[in-house]
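Here is the structure we will look at, set down as C-alpha cells.
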Number of protein chains: 2
Amino acid sequence: MSNNSYTPPKVWQWDRESGGKFAAINRPIAGATHEKELPVGKHPLQLYSLATPNGVKVTLMLEELLEKGIKQAEYDAWIINILEGEQFSSGFVAANPNSKIPALVDYSTEKPTRVFESGSILLYLAEKFNAFLPTTPAERTECLNWLFWQMASAPILGGGFGHFYAYAPEKYEYPINRYTMEIKRQLDVLDKQLATNPFIAGEHYSIADMAIWPWYGALVKNEVYEAAEFIEAHSYKNVLRWCNQIAERPAVKRGRIVNKSWGEPSEQLRERHNANDFLTQTEDKRASE
Amino acid sequence: MSNNSYTPPKVWQWDRESGGKFAAINRPIAGATHEKELPVGKHPLQLYSLATPNGVKVTLMLEELLEKGIKQAEYDAWIINILEGEQFSSGFVAANPNSKIPALVDYSTEKPTRVFESGSILLYLAEKFNAFLPTTPAERTECLNWLFWQMASAPILGGGFGHFYAYAPEKYEYPINRYTMEIKRQLDVLDKQLATNPFIAGEHYSIADMAIWPWYGALVKNEVYEAAEFIEAHSYKNVLRWCNQIAERPAVKRGRIVNKSWGEPSEQLRERHNANDFLTQTEDKRASE
C-alpha cells in the first residue's frame with residue numbers, strides 16, 4: 001500500500017471484471033435484470049430470503065412468534081440465490097427496490113404490504129404481533145436505539161471488515177486496520193452493555209437481540225470470517241455469555257437454518273412452509289447418519 | 001495495490017498512529033475517557049450534536065416540528081466537538097454508549113429518556129409529536145422501510161466511499177471502486193423511487209426524506225467529498241429535483257446550520273437555544289457584511 005500511486009479518473013467507469021468474490025452480483029445500477037414473479041405460498045406472510053445474518057434476523061423472530069403460539073405468524077420462506085442474481089428479478093425488485101434480502105410481503109393486509117430492510121421487518125412484526133418490543137415508553141425507546149444501532153453498525157462489520165479481511169481479492173492493510181479498529185470498538189460497546197444487562201435492551205429478549213446476534217454472535221463464535229483470534233474474541237466475555245444463551249433457544253435453533261443452502265446437511269432447510277419442515281429436515285439428517 | 005503483499009498478524013494490534021484524517025478519534029475500545037457532565041438547558045429536549053449529515057437529520061426534524069407550531073418541540077442544541085473527543089465524556093457516553101453524535105435526552109418523561117442513533121431519534125420524535133410519519137399502516141411501513149434503508153446504506157457512503165475517496169491518507173483503487181459502485185447503485189435506487197413519488201415514501205415529506213437528504217443530497221449537490229463529477233451526479237435527475245425542493249423549506253434552511261462550526265459565518269449556528277438564535281445569527285451576518 002505504501003507504493004500506491006493510484007489517481008482516480010475524472011469520471012468513474014464500471015469495470016465489470018473487478019470486485020472480488022462477489023463481483024458478479026455487484027452493480028452500479030438499480031432495478032430488475034429479468035422478468036420473473038415471486039412464488040406465493042399458503043400463509044399470509046411470505047418471506048424471500050437467505051440464511052445470511054440479515055436473513056436470519058427475520059427467521060429468528062418468526063420462529064420466536066410461533067414458539068409463543070401466535071399462529072398468524074405462520075410463514076412461507078423462499079430462498080433467494082443472490083449469487084445467481086435472483087434478487088434482480090422483477091418480482092423481488094417490486095418487494096424490495098434495493099435488491100437485498102430479506103424481503104417480506106404481508107398478504108393479510110387490505111393490499112399486500114411490502115416490508116424491506118431487516119430492521120424494518122423486525123419492527124413490523126413486533127408491532128403487528130405485539131411481541132419482543134417492550135411496551136413501556138422508556139424500554140421501547142431503548143430497544144429501538146439498539147435496533148437502529150445494529151442497522152448502522154453492521155455495514156462496517158459485513159461490508160467493511162468481513163469484506164476486506166475475508167473476501168477481497170487481496171489483503172489490504174489500511175482497510176483491514178480501519179475496520180478492525182471499529183468492530184473491536186463495537187464489540188466493546190456491546191460487552192459493556194451486556195455487563196449490566198442480561199439482554200441488549202434490558203431484562204428481556206427483544207428484536208434488538210435478534211438483530212445483533214446473527215452478526216456479532218457469528219463473529220465472536222468464529223462462524224464467519226475466521227477472525228476470532230485476530231480480534232481477540234475471547235476477551236468479550238459478556239458478549240460470549242449472551243451469545244451462548246441465545247443459541248440455546250429453540251426458536252433460534254430453528255430460525256438459523258431456514259433458507260440455508262450450505263454447510264452441514266443437518267443445518268440446512270432451504271425452504272420452510274410449515275412447522276413440520278423442521279422434523280423432515282431432522283429425519284433427513286438421521287437417515288443420512 | 002497489485003504489488004500488495006500484506007499478511008495480517010495472528011492478533012491485531014492497535015497502532016495509534018494509523019488511521020488518516022480522523023485517527024485521533026478512532027479507538028478500538030468503548031466507554032468514557034474523561035469525567036464531564038453534559039450541559040442542560042431550559043427546554044425538555046436536549047440535543048448533543050454536530051452539523052454532520054447524521055446531526056442535521058435531527059435538527060431538520062425539530063425545526064420542522066416548530067414550523068408546524070408544536071411548541072413542545074423547543075430544544076437546546078449543544079455542540080459536541082468530535083475532533084476534540086467530546087463524544088467520550090462520561091456525560092455523553094451515558095446519553096449514547098456508542099459515542100457518536102447525535103444524542104437526544106428528553107426530560108419531559110418520568111425519568112429522562114436517552115435516545116441515540118439518528119434513525120431512532122427521528123422515529124422517537126415522529127411518534128412523540130405524531131408528525132412526519134404516515135398514520136395509515138401501509139404508508140407508515142413504507143416510510144419505515146426507507147428510514148431503515150438509510151441507516152444501513154449511509155455507512156457505505158460515509159464510512160466507505162467518503163472515507164476512501166476524500167479522507168484516507170492515500171488513494172486506494174480497490175476500495176474506491178468497490179464503494180463507488182455501491183453508492184451509484186444506491187443513488188439509482190433513490191432516483192427510480194423519486195421518478196414516481198414526489199417524496200421518498202410517497203406523497204408527503206417524512207422522516208425518511210429527513211434521513212436521506214443530508215447524506216445523498218449533499219453528495220449530489222457536491223457539498224461533501226467533491227465527488228459530483230466522479231459519480232456523474234447530474235444523471236440522477238429525480239434525486240436532484242427532490243434535493244432542490246427540500247432545500248427550499250424554511251425548516252431545512254434553519255436546521256442545516258444548527259451545531260455548525262465551519263464554513264461561511266452566515267451558515268453557522270454553534271448552539272441553538274431558542275428561535276431567536278437564528279435572527280441573531282442573521283444579524284451577526286449582516287453586521288459583518
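Chain identifiers are assigned as A, B, and so on, following the order in which chains appear in the C-alpha cells; residues are numbered from 1 within each chain, and ligands are numbered from 1 in order of appearance.
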Mind checking DSSP for range 23-266 of chain A and telling me the alpha helix (DSSP H) residues as a PDB file with C-alpha atoms, in the first residue's frame?
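Wrote it out as states12.pdb, contents follow:
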ATOM      1  CA  PRO A  53     -27.005 -12.793   9.117  1.00  0.00           C
ATOM      2  CA  ASN A  54     -29.516 -10.287   7.739  1.00  0.00           C
ATOM      3  CA  GLY A  55     -31.824 -13.084   6.654  1.00  0.00           C
ATOM      4  CA  VAL A  56     -31.537 -14.963   9.937  1.00  0.00           C
ATOM      5  CA  LYS A  57     -32.721 -11.956  11.944  1.00  0.00           C
ATOM      6  CA  VAL A  58     -36.193 -12.376  10.492  1.00  0.00           C
ATOM      7  CA  THR A  59     -36.496 -16.140  10.823  1.00  0.00           C
ATOM      8  CA  LEU A  60     -35.374 -15.881  14.465  1.00  0.00           C
ATOM      9  CA  MET A  61     -38.303 -13.534  15.004  1.00  0.00           C
ATOM     10  CA  LEU A  62     -40.880 -15.574  13.090  1.00  0.00           C
ATOM     11  CA  GLU A  63     -39.920 -18.803  14.863  1.00  0.00           C
ATOM     12  CA  GLU A  64     -39.997 -16.987  18.206  1.00  0.00           C
ATOM     13  CA  LEU A  65     -43.531 -15.730  17.473  1.00  0.00           C
ATOM     14  CA  LEU A  66     -44.614 -19.271  16.597  1.00  0.00           C
ATOM     15  CA  GLU A  67     -42.916 -20.528  19.780  1.00  0.00           C
ATOM     16  CA  SER A  90     -38.899  -8.088 -11.367  1.00  0.00           C
ATOM     17  CA  GLY A  91     -40.812  -9.787  -8.569  1.00  0.00           C
ATOM     18  CA  PHE A  92     -38.099  -9.290  -5.993  1.00  0.00           C
ATOM     19  CA  VAL A  93     -37.473  -5.692  -7.009  1.00  0.00           C
ATOM     20  CA  ALA A  94     -41.176  -4.978  -6.541  1.00  0.00           C
ATOM     21  CA  ALA A  95     -40.895  -6.346  -2.982  1.00  0.00           C
ATOM     22  CA  SER A 118     -34.261  -6.424   8.141  1.00  0.00           C
ATOM     23  CA  GLY A 119     -34.714  -3.784  10.859  1.00  0.00           C
ATOM     24  CA  SER A 120     -37.953  -2.609   9.320  1.00  0.00           C
ATOM     25  CA  ILE A 121     -39.216  -6.195   9.104  1.00  0.00           C
ATOM     26  CA  LEU A 122     -38.384  -6.851  12.771  1.00  0.00           C
ATOM     27  CA  LEU A 123     -40.194  -3.706  13.856  1.00  0.00           C
ATOM     28  CA  TYR A 124     -43.155  -4.518  11.596  1.00  0.00           C
ATOM     29  CA  LEU A 125     -43.561  -7.999  13.048  1.00  0.00           C
ATOM     30  CA  ALA A 126     -43.027  -6.789  16.625  1.00  0.00           C
ATOM     31  CA  GLU A 127     -45.784  -4.200  16.245  1.00  0.00           C
ATOM     32  CA  LYS A 128     -48.101  -6.495  14.293  1.00  0.00           C
ATOM     33  CA  PHE A 129     -47.969  -9.215  16.942  1.00  0.00           C
ATOM     34  CA  PRO A 137     -42.099   4.055  26.503  1.00  0.00           C
ATOM     35  CA  ALA A 138     -38.632   4.133  28.091  1.00  0.00           C
ATOM     36  CA  GLU A 139     -37.911   0.465  27.409  1.00  0.00           C
ATOM     37  CA  ARG A 140     -39.348   0.657  23.902  1.00  0.00           C
ATOM     38  CA  THR A 141     -37.076   3.583  23.101  1.00  0.00           C
ATOM     39  CA  GLU A 142     -34.013   1.790  24.447  1.00  0.00           C
ATOM     40  CA  CYS A 143     -34.859  -1.272  22.355  1.00  0.00           C
ATOM     41  CA  LEU A 144     -35.234   0.839  19.205  1.00  0.00           C
ATOM     42  CA  ASN A 145     -31.960   2.660  19.971  1.00  0.00           C
ATOM     43  CA  TRP A 146     -30.171  -0.662  19.780  1.00  0.00           C
ATOM     44  CA  LEU A 147     -32.126  -1.874  16.774  1.00  0.00           C
ATOM     45  CA  PHE A 148     -31.018   1.223  14.866  1.00  0.00           C
ATOM     46  CA  TRP A 149     -27.514   0.849  16.300  1.00  0.00           C
ATOM     47  CA  GLN A 150     -27.304  -2.541  14.656  1.00  0.00           C
ATOM     48  CA  MET A 151     -28.508  -1.245  11.307  1.00  0.00           C
ATOM     49  CA  ALA A 152     -25.832   1.441  11.201  1.00  0.00           C
ATOM     50  CA  SER A 153     -23.062  -0.709  12.715  1.00  0.00           C
ATOM     51  CA  ALA A 154     -23.271  -3.988  10.827  1.00  0.00           C
ATOM     52  CA  PRO A 155     -22.393  -2.492   7.416  1.00  0.00           C
ATOM     53  CA  GLU A 173      -3.573  -3.374   5.260  1.00  0.00           C
ATOM     54  CA  TYR A 174      -5.196   0.021   5.576  1.00  0.00           C
ATOM     55  CA  PRO A 175      -8.849  -1.041   5.240  1.00  0.00           C
ATOM     56  CA  ILE A 176      -8.264  -4.078   7.474  1.00  0.00           C
ATOM     57  CA  ASN A 177      -6.823  -1.862  10.200  1.00  0.00           C
ATOM     58  CA  ARG A 178      -9.550   0.694   9.814  1.00  0.00           C
ATOM     59  CA  TYR A 179     -12.400  -1.777  10.073  1.00  0.00           C
ATOM     60  CA  THR A 180     -10.821  -3.941  12.755  1.00  0.00           C
ATOM     61  CA  MET A 181     -10.474  -0.892  14.985  1.00  0.00           C
ATOM     62  CA  GLU A 182     -14.142  -0.093  14.554  1.00  0.00           C
ATOM     63  CA  ILE A 183     -15.567  -3.575  15.025  1.00  0.00           C
ATOM     64  CA  LYS A 184     -13.499  -4.052  18.157  1.00  0.00           C
ATOM     65  CA  ARG A 185     -14.983  -0.808  19.441  1.00  0.00           C
ATOM     66  CA  GLN A 186     -18.465  -2.037  18.531  1.00  0.00           C
ATOM     67  CA  LEU A 187     -17.859  -5.319  20.370  1.00  0.00           C
ATOM     68  CA  ASP A 188     -16.704  -3.376  23.405  1.00  0.00           C
ATOM     69  CA  VAL A 189     -19.864  -1.248  23.277  1.00  0.00           C
ATOM     70  CA  LEU A 190     -21.904  -4.458  23.345  1.00  0.00           C
ATOM     71  CA  ASP A 191     -19.728  -6.033  26.011  1.00  0.00           C
ATOM     72  CA  LYS A 192     -20.190  -3.074  28.345  1.00  0.00           C
ATOM     73  CA  GLN A 193     -23.940  -3.029  27.745  1.00  0.00           C
ATOM     74  CA  LEU A 194     -24.186  -6.755  28.429  1.00  0.00           C
ATOM     75  CA  ALA A 195     -22.108  -6.432  31.601  1.00  0.00           C
ATOM     76  CA  THR A 196     -25.098  -4.900  33.366  1.00  0.00           C
ATOM     77  CA  ILE A 207     -35.824  -7.592  18.429  1.00  0.00           C
ATOM     78  CA  ALA A 208     -32.603  -5.759  19.364  1.00  0.00           C
ATOM     79  CA  ASP A 209     -31.023  -9.096  20.325  1.00  0.00           C
ATOM     80  CA  MET A 210     -32.410 -10.739  17.192  1.00  0.00           C
ATOM     81  CA  ALA A 211     -30.830  -8.022  15.044  1.00  0.00           C
ATOM     82  CA  ILE A 212     -27.428  -8.095  16.735  1.00  0.00           C
ATOM     83  CA  ALA A 218     -21.325 -15.307  14.499  1.00  0.00           C
ATOM     84  CA  LEU A 219     -18.220 -13.124  14.639  1.00  0.00           C
ATOM     85  CA  VAL A 220     -17.175 -13.957  18.210  1.00  0.00           C
ATOM     86  CA  LYS A 237     -16.851 -12.248  27.842  1.00  0.00           C
ATOM     87  CA  ASN A 238     -20.283 -10.721  28.244  1.00  0.00           C
ATOM     88  CA  VAL A 239     -20.947 -10.938  24.527  1.00  0.00           C
ATOM     89  CA  LEU A 240     -19.964 -14.608  24.594  1.00  0.00           C
ATOM     90  CA  ARG A 241     -22.208 -15.329  27.597  1.00  0.00           C
ATOM     91  CA  TRP A 242     -25.144 -13.662  25.816  1.00  0.00           C
ATOM     92  CA  CYS A 243     -24.341 -15.442  22.525  1.00  0.00           C
ATOM     93  CA  ASN A 244     -24.336 -18.866  24.057  1.00  0.00           C
ATOM     94  CA  GLN A 245     -27.520 -18.197  25.979  1.00  0.00           C
ATOM     95  CA  ILE A 246     -29.395 -17.131  22.860  1.00  0.00           C
ATOM     96  CA  ALA A 247     -28.081 -20.062  20.832  1.00  0.00           C
ATOM     97  CA  PRO A 250     -35.464 -23.498  20.423  1.00  0.00           C
ATOM     98  CA  ALA A 251     -36.665 -20.758  18.077  1.00  0.00           C
ATOM     99  CA  VAL A 252     -33.066 -19.789  17.384  1.00  0.00           C
ATOM    100  CA  LYS A 253     -32.107 -23.375  16.626  1.00  0.00           C
ATOM    101  CA  ARG A 254     -34.862 -23.473  14.034  1.00  0.00           C
ATOM    102  CA  GLY A 255     -34.622 -19.931  12.719  1.00  0.00           C
TER     103      GLY A 255
END
Apply DSSP to the backbone of this structure and, from range 8-246 of chain B, keep only the residues in strand (DSSP E or B); write these as JSON, numbers by chain. {"B": [34, 45, 46, 47, 48, 49, 75, 76, 77, 78, 79, 89, 103, 104, 105, 106, 113, 114, 115, 116, 199, 202]}
Out of B:Lys221, B:His43, B:Lys71, B:His234, which residue has the shortest atom-to-atom distance to chain A when counting only C-alpha atoms? B:His234
Of the candidates B:Ile101, B:Ala30, B:Ile80, B:Ile25, which shows the shortest atom-to-atom distance to chain A, using only C-alpha atoms? B:Ala30
Nearest to Glu117 in chain A, chosen from A:Asn81, A:Asn197, A:Ala166, A:Tyr48, with only C-alpha atoms counted in the distances: A:Tyr48
Work out how far CA of Glu248 in chain A is from CA of Ala227 in chain A, in Å to one decimal.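 Computing the Euclidean distance for CA of Ala227 in chain A and CA of Glu248 in chain A yields 23.0 Å.
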Just checking: using only C-alpha atoms, which residue out of B:Ala73, B:Val40, B:Val224, B:Val115 ends up closest to chain A?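 Residue with the minimum atom-to-atom distance to chain A: B:Val115.
Going from CA of Ala77 in chain B over to CA of Ile29 in chain B, you cover 27.2 Å.
Shortest separation to chain B among A:Glu226, A:Glu37, A:Glu232, A:Asp277 occurs at residue A:Glu232, atoms counted being only C-alpha atoms.
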Option closest in space to Asn96 in chain B, from B:Arg256, B:Lys111, B:Gly31, B:Phe132 [counting only C-alpha atoms]: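 Counting only C-alpha atoms, the residue closest to Asn96 in chain B is B:Gly31.
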Please compute the CA of Ile257 in chain A-CA of Ser99 in chain A distance, one decimal, in Å.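 Spanning CA of Ile257 in chain A to CA of Ser99 in chain A is a straight-line distance of 21.9 Å.
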